[in-house]
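Source file: target_20.cif. Holds: mmCIF, C-alpha atoms.
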```
data_work
#
loop_
_atom_site.label_atom_id
_atom_site.label_comp_id
_atom_site.auth_asym_id
_atom_site.auth_seq_id
_atom_site.Cartn_x
_atom_site.Cartn_y
_atom_site.Cartn_z
CA MET A 1427 -155.87 -34.13 -98.78
CA SER A 1428 -156.30 -35.64 -95.38
CA SER A 1429 -153.71 -35.97 -92.69
CA ARG A 1430 -153.50 -37.84 -89.42
CA THR A 1431 -157.16 -38.39 -88.97
CA ARG A 1432 -159.19 -41.43 -89.67
CA SER A 1433 -162.31 -40.67 -91.65
CA SER A 1434 -165.48 -42.55 -90.92
CA PRO A 1435 -167.31 -44.00 -93.87
CA VAL A 1436 -170.73 -42.55 -94.38
CA SER A 1437 -173.25 -45.25 -93.73
CA GLN A 1438 -175.98 -45.70 -96.24
CA GLU A 1439 -178.80 -48.15 -96.06
CA GLU A 1440 -179.25 -50.41 -99.02
CA PRO A 1441 -181.62 -53.25 -99.67
CA GLU A 1442 -180.48 -56.48 -98.08
CA ALA A 1443 -181.04 -58.39 -101.31
CA LEU A 1444 -178.75 -56.02 -103.19
CA VAL A 1445 -176.02 -56.50 -100.62
CA SER A 1446 -176.20 -60.27 -100.65
CA SER A 1447 -176.55 -60.66 -104.40
CA ASN A 1448 -173.76 -58.27 -105.34
CA ARG A 1449 -171.11 -58.22 -102.67
CA GLN A 1450 -170.76 -61.99 -102.49
CA ASP A 1451 -170.29 -62.23 -106.24
CA VAL A 1452 -167.53 -59.63 -106.39
CA PRO A 1453 -164.02 -61.10 -106.45
CA PRO A 1454 -161.55 -59.81 -103.87
CA GLY A 1455 -159.90 -56.64 -105.07
CA TRP A 1456 -162.55 -55.92 -107.68
CA ARG A 1457 -163.78 -52.72 -106.04
CA HIS A 1458 -160.22 -51.49 -105.62
CA ASP A 1459 -159.42 -52.20 -109.25
CA MET A 1460 -162.64 -50.59 -110.45
CA LYS A 1461 -162.01 -47.46 -108.40
CA ASN A 1462 -158.51 -47.29 -109.85
CA GLN A 1463 -159.74 -47.57 -113.43
CA LEU A 1464 -162.44 -44.96 -112.94
CA GLY A 1465 -159.90 -42.73 -111.25
CA VAL A 1466 -157.66 -42.94 -114.31
CA VAL A 1467 -160.54 -42.03 -116.66
CA LEU A 1468 -161.65 -39.14 -114.46
CA GLY A 1469 -158.10 -37.88 -113.98
CA PHE A 1470 -157.21 -37.81 -117.66
CA ALA A 1471 -160.57 -36.26 -118.52
CA ASP A 1472 -159.84 -33.54 -115.94
CA LEU A 1473 -156.42 -32.94 -117.47
CA LEU A 1474 -157.88 -32.59 -120.96
CA LEU A 1475 -160.67 -30.29 -119.81
CA ASN A 1476 -158.11 -28.07 -118.12
CA GLU A 1477 -155.96 -27.94 -121.24
CA LEU A 1478 -158.65 -27.36 -123.89
CA GLU A 1479 -159.71 -23.89 -124.89
CA PRO A 1480 -163.22 -23.02 -123.64
CA ASP A 1481 -164.65 -23.10 -127.15
CA ASP A 1482 -162.93 -26.31 -128.24
CA PRO A 1483 -165.55 -28.52 -129.93
CA ARG A 1484 -164.12 -31.62 -128.21
CA ARG A 1485 -164.93 -30.24 -124.78
CA ALA A 1486 -168.52 -31.52 -124.80
CA ASP A 1487 -167.37 -35.04 -125.68
CA ILE A 1488 -164.85 -35.11 -122.88
CA GLN A 1489 -167.40 -33.73 -120.46
CA GLU A 1490 -169.63 -36.68 -121.37
CA ILE A 1491 -166.78 -39.10 -120.66
CA HIS A 1492 -166.20 -37.40 -117.33
CA ARG A 1493 -169.89 -37.38 -116.47
CA ALA A 1494 -170.31 -41.07 -117.25
CA ALA A 1495 -167.22 -42.06 -115.26
CA ALA A 1496 -168.33 -39.96 -112.32
CA ARG A 1497 -171.75 -41.63 -112.42
CA ALA A 1498 -170.13 -45.06 -112.57
CA ARG A 1499 -168.13 -44.18 -109.49
CA GLU A 1500 -171.31 -43.08 -107.70
CA LEU A 1501 -172.88 -46.43 -108.53
CA LEU A 1502 -169.82 -48.20 -107.19
CA LEU A 1503 -170.01 -46.23 -103.97
CA GLU A 1504 -173.70 -47.10 -103.65
CA LEU A 1505 -172.77 -50.75 -104.01
CA ASP A 1506 -170.14 -50.27 -101.31
CA GLY A 1507 -172.59 -48.58 -99.01
CA ASP A 1508 -169.96 -45.83 -98.58
CA MET B 51 -147.65 -24.13 -112.00
CA GLY B 52 -144.22 -22.62 -111.48
CA ILE B 53 -141.03 -23.73 -109.89
CA ASP B 54 -140.66 -23.30 -106.14
CA VAL B 55 -138.47 -20.26 -105.83
CA ALA B 56 -137.42 -21.22 -102.31
CA SER B 57 -136.15 -24.61 -103.50
CA PRO B 58 -134.60 -24.21 -106.92
CA GLU B 59 -133.30 -27.77 -106.90
CA PRO B 60 -135.71 -30.14 -108.62
CA LEU B 61 -137.59 -32.43 -106.27
CA ASN B 62 -136.65 -36.08 -106.39
CA VAL B 63 -139.97 -37.86 -106.40
CA MET B 64 -140.67 -41.59 -106.48
CA VAL B 65 -144.08 -42.68 -107.78
CA VAL B 66 -145.23 -46.21 -106.99
CA ASP B 67 -148.45 -47.79 -108.21
CA ASP B 68 -149.21 -51.24 -109.58
CA GLU B 69 -151.72 -49.79 -112.03
CA VAL B 70 -150.08 -48.45 -115.19
CA GLY B 71 -152.87 -45.96 -115.88
CA MET B 72 -152.51 -44.49 -112.41
CA ARG B 73 -148.74 -44.19 -112.81
CA GLU B 74 -149.21 -42.36 -116.10
CA LEU B 75 -151.84 -40.08 -114.56
CA VAL B 76 -149.55 -39.09 -111.68
CA LYS B 77 -146.70 -38.46 -114.13
CA ARG B 78 -148.93 -36.21 -116.24
CA CYS B 79 -150.23 -34.35 -113.20
CA LEU B 80 -146.68 -33.57 -112.06
CA ALA B 81 -145.27 -32.89 -115.52
CA ASP B 82 -145.33 -29.13 -115.04
CA LEU B 83 -143.55 -29.25 -111.69
CA SER B 84 -139.82 -29.18 -111.28
CA CYS B 85 -139.39 -32.86 -110.41
CA ASN B 86 -137.08 -35.73 -111.19
CA LEU B 87 -139.53 -38.62 -111.30
CA THR B 88 -138.68 -42.23 -110.62
CA VAL B 89 -141.55 -44.58 -111.35
CA ALA B 90 -142.03 -48.10 -110.04
CA ALA B 91 -144.76 -50.69 -110.50
CA SER B 92 -144.37 -52.33 -107.09
CA GLY B 93 -142.89 -51.84 -103.67
CA GLU B 94 -140.17 -54.31 -104.50
CA GLU B 95 -139.21 -52.42 -107.66
CA ALA B 96 -139.25 -49.15 -105.72
CA LEU B 97 -136.80 -50.49 -103.16
CA ALA B 98 -134.56 -51.77 -105.93
CA LEU B 99 -134.61 -48.39 -107.67
CA ALA B 100 -134.04 -46.41 -104.46
CA SER B 101 -130.33 -47.08 -104.30
CA ASP B 102 -129.88 -43.84 -102.36
CA PRO B 103 -133.00 -43.20 -100.26
CA LEU B 104 -131.42 -40.04 -98.84
CA ALA B 105 -131.64 -38.49 -102.30
CA LEU B 106 -135.42 -38.81 -102.32
CA ASP B 107 -137.59 -35.88 -101.28
CA LEU B 108 -141.06 -37.33 -101.76
CA LEU B 109 -142.64 -40.75 -102.09
CA ILE B 110 -146.06 -40.92 -103.74
CA THR B 111 -147.35 -44.44 -103.33
CA ASP B 112 -150.44 -46.52 -103.74
CA GLU B 113 -151.33 -48.25 -100.48
CA MET B 114 -152.96 -51.48 -101.66
CA MET B 115 -150.41 -53.34 -103.76
CA THR B 116 -149.52 -56.99 -104.14
CA GLY B 117 -146.37 -57.74 -102.19
CA ILE B 118 -144.95 -54.80 -100.27
CA GLU B 119 -147.80 -52.39 -99.54
CA GLY B 120 -147.46 -48.64 -99.46
CA HIS B 121 -147.12 -48.21 -95.70
CA GLU B 122 -144.41 -50.88 -95.51
CA LEU B 123 -142.54 -49.35 -98.43
CA ALA B 124 -142.69 -45.98 -96.69
CA ARG B 125 -141.48 -47.50 -93.41
CA ARG B 126 -138.47 -49.08 -95.07
CA LEU B 127 -137.49 -45.98 -97.03
CA ARG B 128 -138.02 -43.69 -94.06
CA SER B 129 -135.86 -45.88 -91.87
CA ALA B 130 -133.03 -44.84 -94.20
CA ASN B 131 -134.31 -41.30 -94.79
CA PRO B 132 -136.46 -39.99 -91.89
CA SER B 133 -137.06 -36.69 -93.65
CA LEU B 134 -138.67 -38.38 -96.65
CA LYS B 135 -142.16 -37.03 -97.22
CA VAL B 136 -144.87 -39.54 -98.09
CA LEU B 137 -148.18 -39.12 -99.88
CA TYR B 138 -150.37 -42.21 -99.88
CA LEU B 139 -152.87 -42.58 -102.72
CA THR B 140 -155.66 -44.85 -101.64
CA GLY B 141 -159.18 -45.75 -102.59
CA PHE B 142 -159.70 -47.27 -99.16
CA SER B 143 -158.22 -45.16 -96.40
CA ASP B 144 -159.51 -47.65 -93.84
CA HIS B 145 -157.02 -50.17 -95.20
CA LEU B 146 -154.21 -47.71 -94.57
CA PHE B 147 -155.37 -46.98 -91.04
CA ASP B 148 -155.81 -50.66 -90.29
CA ALA B 149 -152.11 -50.95 -91.01
CA LYS B 150 -151.08 -47.89 -89.03
CA ASN B 151 -153.19 -46.09 -86.46
CA GLN B 152 -152.07 -42.67 -87.52
CA LEU B 153 -149.84 -41.14 -90.10
CA TRP B 154 -146.35 -40.16 -89.09
CA ASP B 155 -144.94 -36.69 -89.36
CA LEU B 156 -144.45 -35.61 -92.99
CA GLU B 157 -147.08 -38.08 -94.21
CA ALA B 158 -150.51 -37.52 -95.71
CA PHE B 159 -153.02 -39.38 -97.80
CA LEU B 160 -155.14 -38.50 -100.81
CA ASP B 161 -158.27 -40.40 -101.69
CA LYS B 162 -158.67 -41.90 -105.14
CA PRO B 163 -159.99 -40.73 -107.44
CA PHE B 164 -158.20 -37.43 -107.14
CA SER B 165 -158.23 -34.42 -109.42
CA PRO B 166 -154.97 -33.32 -111.04
CA GLU B 167 -155.19 -30.07 -109.11
CA GLY B 168 -155.87 -31.97 -105.89
CA LEU B 169 -152.71 -34.01 -106.37
CA ARG B 170 -150.61 -30.93 -107.13
CA GLN B 171 -151.96 -29.18 -104.05
CA ALA B 172 -151.29 -32.22 -101.86
CA VAL B 173 -147.71 -32.37 -103.11
CA ALA B 174 -147.22 -28.64 -102.53
CA LEU B 175 -148.67 -28.84 -99.02
CA LEU B 176 -146.34 -31.66 -98.10
CA VAL B 177 -143.26 -30.14 -99.67
CA VAL B 178 -143.57 -26.43 -98.92
CA GLY B 179 -146.62 -26.16 -96.66
CA ARG B 180 -148.78 -24.20 -99.05
CA LEU B 181 -151.17 -25.02 -101.88
CA THR B 182 -148.89 -24.14 -104.77
CA LEU B 183 -145.29 -24.77 -105.61
#
```
Is it possible to express this structure as structure tokens?
Amino acid sequence: MSSRTRSSPVSQEEPEALVSSNRQDVPPGWRHDMKNQLGVVLGFADLLLNELEPDDPRRADIQEIHRAAARARELLLELDGD
Amino acid sequence: MGIDVASPEPLNVMVVDDEVGMRELVKRCLADLSCNLTVAASGEEALALASDPLALDLLITDEMMTGIEGHELARRLRSANPSLKVLYLTGFSDHLFDAKNQLWDLEAFLDKPFSPEGLRQAVALLVVGRLTL
């Protein structure tokens, strides 16, 4: 949690072509909506992983869901240049 | 997570998010806490449901919503209940700080995506000043 301070986004260089070809094509609000959806997937996967017994055979499947959603979020952040 | 022994009364918490999945996630994360949850899909619905703002202990709200945004919702509810605690959930904290230069007393924000434990800890910090209720 953060409080009372404004965090600075981490700058990250990205190819100019990637910026122009992707950002301009993204509708307003798309990144916000995508972050929300990935946040829901990650959050529920976290809840399930916390609730399953360590040897539950479904754990590996949920870990794959979590891993893929986390990677998708990383890709989104790369697109943002965050 | 147990009940706060120092505050045996259940917390009255309002959860506001225009994304149904996010509302359900917050509800699930707080299910084990001693809370009376009121859930709204917009700032307008939240204001309509908050017939007695003084009865609210905590507002958990998305910042970027169509219509009344989170910071404006918080401002209106806190004008009626200055002791209302506010936790902003936001994927873009810059948007929140464009709207208000700094958070007021009893306010905090949590970046999306958040972990269930992260949300519980943020709520506990705001409500009782420690990481667990």
**Message:** Which residues are close to B:Leu123, i.e. within 9 Å by only C-alpha atoms, leaving aside same-chain residues fewer than 6 positions away? Reply as number ranges by chain.
**Reply:** B: 93-94, 96-97, 111
Written file, previous selection with C-alpha atoms, as a PDB file, keeping the file's coordinate frame:
```pdb
ATOM      1  CA  GLY B  93    -142.890 -51.840-103.670  1.00  0.00           C
ATOM      2  CA  GLU B  94    -140.170 -54.310-104.500  1.00  0.00           C
ATOM      3  CA  ALA B  96    -139.250 -49.150-105.720  1.00  0.00           C
ATOM      4  CA  LEU B  97    -136.800 -50.490-103.160  1.00  0.00           C
ATOM      5  CA  THR B 111    -147.350 -44.440-103.330  1.00  0.00           C
TER       6      THR B 111
END
```
**Message:** Need the shell around stretch 1468-1472 of chain A: protein/DNA/RNA residues with any atom at most 9 Å away, counting only C-alpha atoms. Skip same-chain ones fewer than 2 positions apart. Format as a ChimeraX atom specification?
**Reply:** /A:1463-1466,1474-1477,1488-1489,1491-1493,1495-1496 /B:72,75-76,78-79,163-167
Could those residues be written to a file, using C-alpha atoms, as a PDB file, keeping the file's coordinate frame?
```pdb
ATOM      1  CA  GLN A1463    -159.740 -47.570-113.430  1.00  0.00           C
ATOM      2  CA  LEU A1464    -162.440 -44.960-112.940  1.00  0.00           C
ATOM      3  CA  GLY A1465    -159.900 -42.730-111.250  1.00  0.00           C
ATOM      4  CA  VAL A1466    -157.660 -42.940-114.310  1.00  0.00           C
ATOM      5  CA  LEU A1474    -157.880 -32.590-120.960  1.00  0.00           C
ATOM      6  CA  LEU A1475    -160.670 -30.290-119.810  1.00  0.00           C
ATOM      7  CA  ASN A1476    -158.110 -28.070-118.120  1.00  0.00           C
ATOM      8  CA  GLU A1477    -155.960 -27.940-121.240  1.00  0.00           C
ATOM      9  CA  ILE A1488    -164.850 -35.110-122.880  1.00  0.00           C
ATOM     10  CA  GLN A1489    -167.400 -33.730-120.460  1.00  0.00           C
ATOM     11  CA  ILE A1491    -166.780 -39.100-120.660  1.00  0.00           C
ATOM     12  CA  HIS A1492    -166.200 -37.400-117.330  1.00  0.00           C
ATOM     13  CA  ARG A1493    -169.890 -37.380-116.470  1.00  0.00           C
ATOM     14  CA  ALA A1495    -167.220 -42.060-115.260  1.00  0.00           C
ATOM     15  CA  ALA A1496    -168.330 -39.960-112.320  1.00  0.00           C
TER      16      ALA A1496
ATOM     17  CA  MET B  72    -152.510 -44.490-112.410  1.00  0.00           C
ATOM     18  CA  LEU B  75    -151.840 -40.080-114.560  1.00  0.00           C
ATOM     19  CA  VAL B  76    -149.550 -39.090-111.680  1.00  0.00           C
ATOM     20  CA  ARG B  78    -148.930 -36.210-116.240  1.00  0.00           C
ATOM     21  CA  CYS B  79    -150.230 -34.350-113.200  1.00  0.00           C
ATOM     22  CA  PRO B 163    -159.990 -40.730-107.440  1.00  0.00           C
ATOM     23  CA  PHE B 164    -158.200 -37.430-107.140  1.00  0.00           C
ATOM     24  CA  SER B 165    -158.230 -34.420-109.420  1.00  0.00           C
ATOM     25  CA  PRO B 166    -154.970 -33.320-111.040  1.00  0.00           C
ATOM     26  CA  GLU B 167    -155.190 -30.070-109.110  1.00  0.00           C
TER      27      GLU B 167
END
```
**chain B contacts to chain A at 6 Å (only C-alpha atoms) as JSON, numbers by chain** = {"B": [71, 72, 152, 153, 158, 159, 160, 163, 165, 172]}
**For B:Ala105: contacts at 10 Å, all atoms listed in the file, fewer than 5 positions along chain excluded, given as a ChimeraX atom specification** = /B:61-63,100,131,134
Hey, could you pull the box centre and edge lengths for stretch 1474-1482 of chain A, axis-aligned, 6 Å padding per side, all listed atoms, to one decimal in Å, as lines of an AutoDock Vina configuration file?
```
center_x = -160.3
center_y = -27.8
center_z = -123.2
size_x = 20.7
size_y = 21.6
size_z = 22.1
```
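One finds atom CA of B:Asp155 at 28.8 Å from atom CA of B:Val70.
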**Message:** Using only C-alpha atoms, which protein or nucleic acid residues come within 12 Å of B:Met64? Drop anything in the same chain fewer than 2 positions from it, and give the result as a VMD selection string.
**Reply:** chain B and resid 61 to 62 66 to 67 73 76 to 77 80 85 to 93 95 to 103 105 to 112 123 to 124 127 134 to 138
**Message:** Calculated over all atoms listed in the file, which of the candidates B:Leu104, B:Val65, B:Leu83, B:Leu169 has the smallest distance to B:Gly120?
**Reply:** B:Val65
**Asked** What is the distance, in Å and to one decimal place, between atom CA of B:Lys150 and atom CA of B:Glu122?
**Response** 9.8 Å
**Request:** Pull out every residue that the PyMOL selection byres ((chain B and resi 142) around 10) matches in the shown coordinates and put them as a VMD selection string.
**Result:** (chain A and resid 1435 1457 to 1458 1461) or (chain B and resid 113 to 114 139 to 141 143 to 147 161 to 162)
**Prompt:** What does the distance between atom CA of B:Asp82 and atom CA of B:Arg170 come to in Å, to one decimal place?
**Reply:**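 Result for atom CA of B:Asp82 versus atom CA of B:Arg170: 9.7 Å, one decimal.
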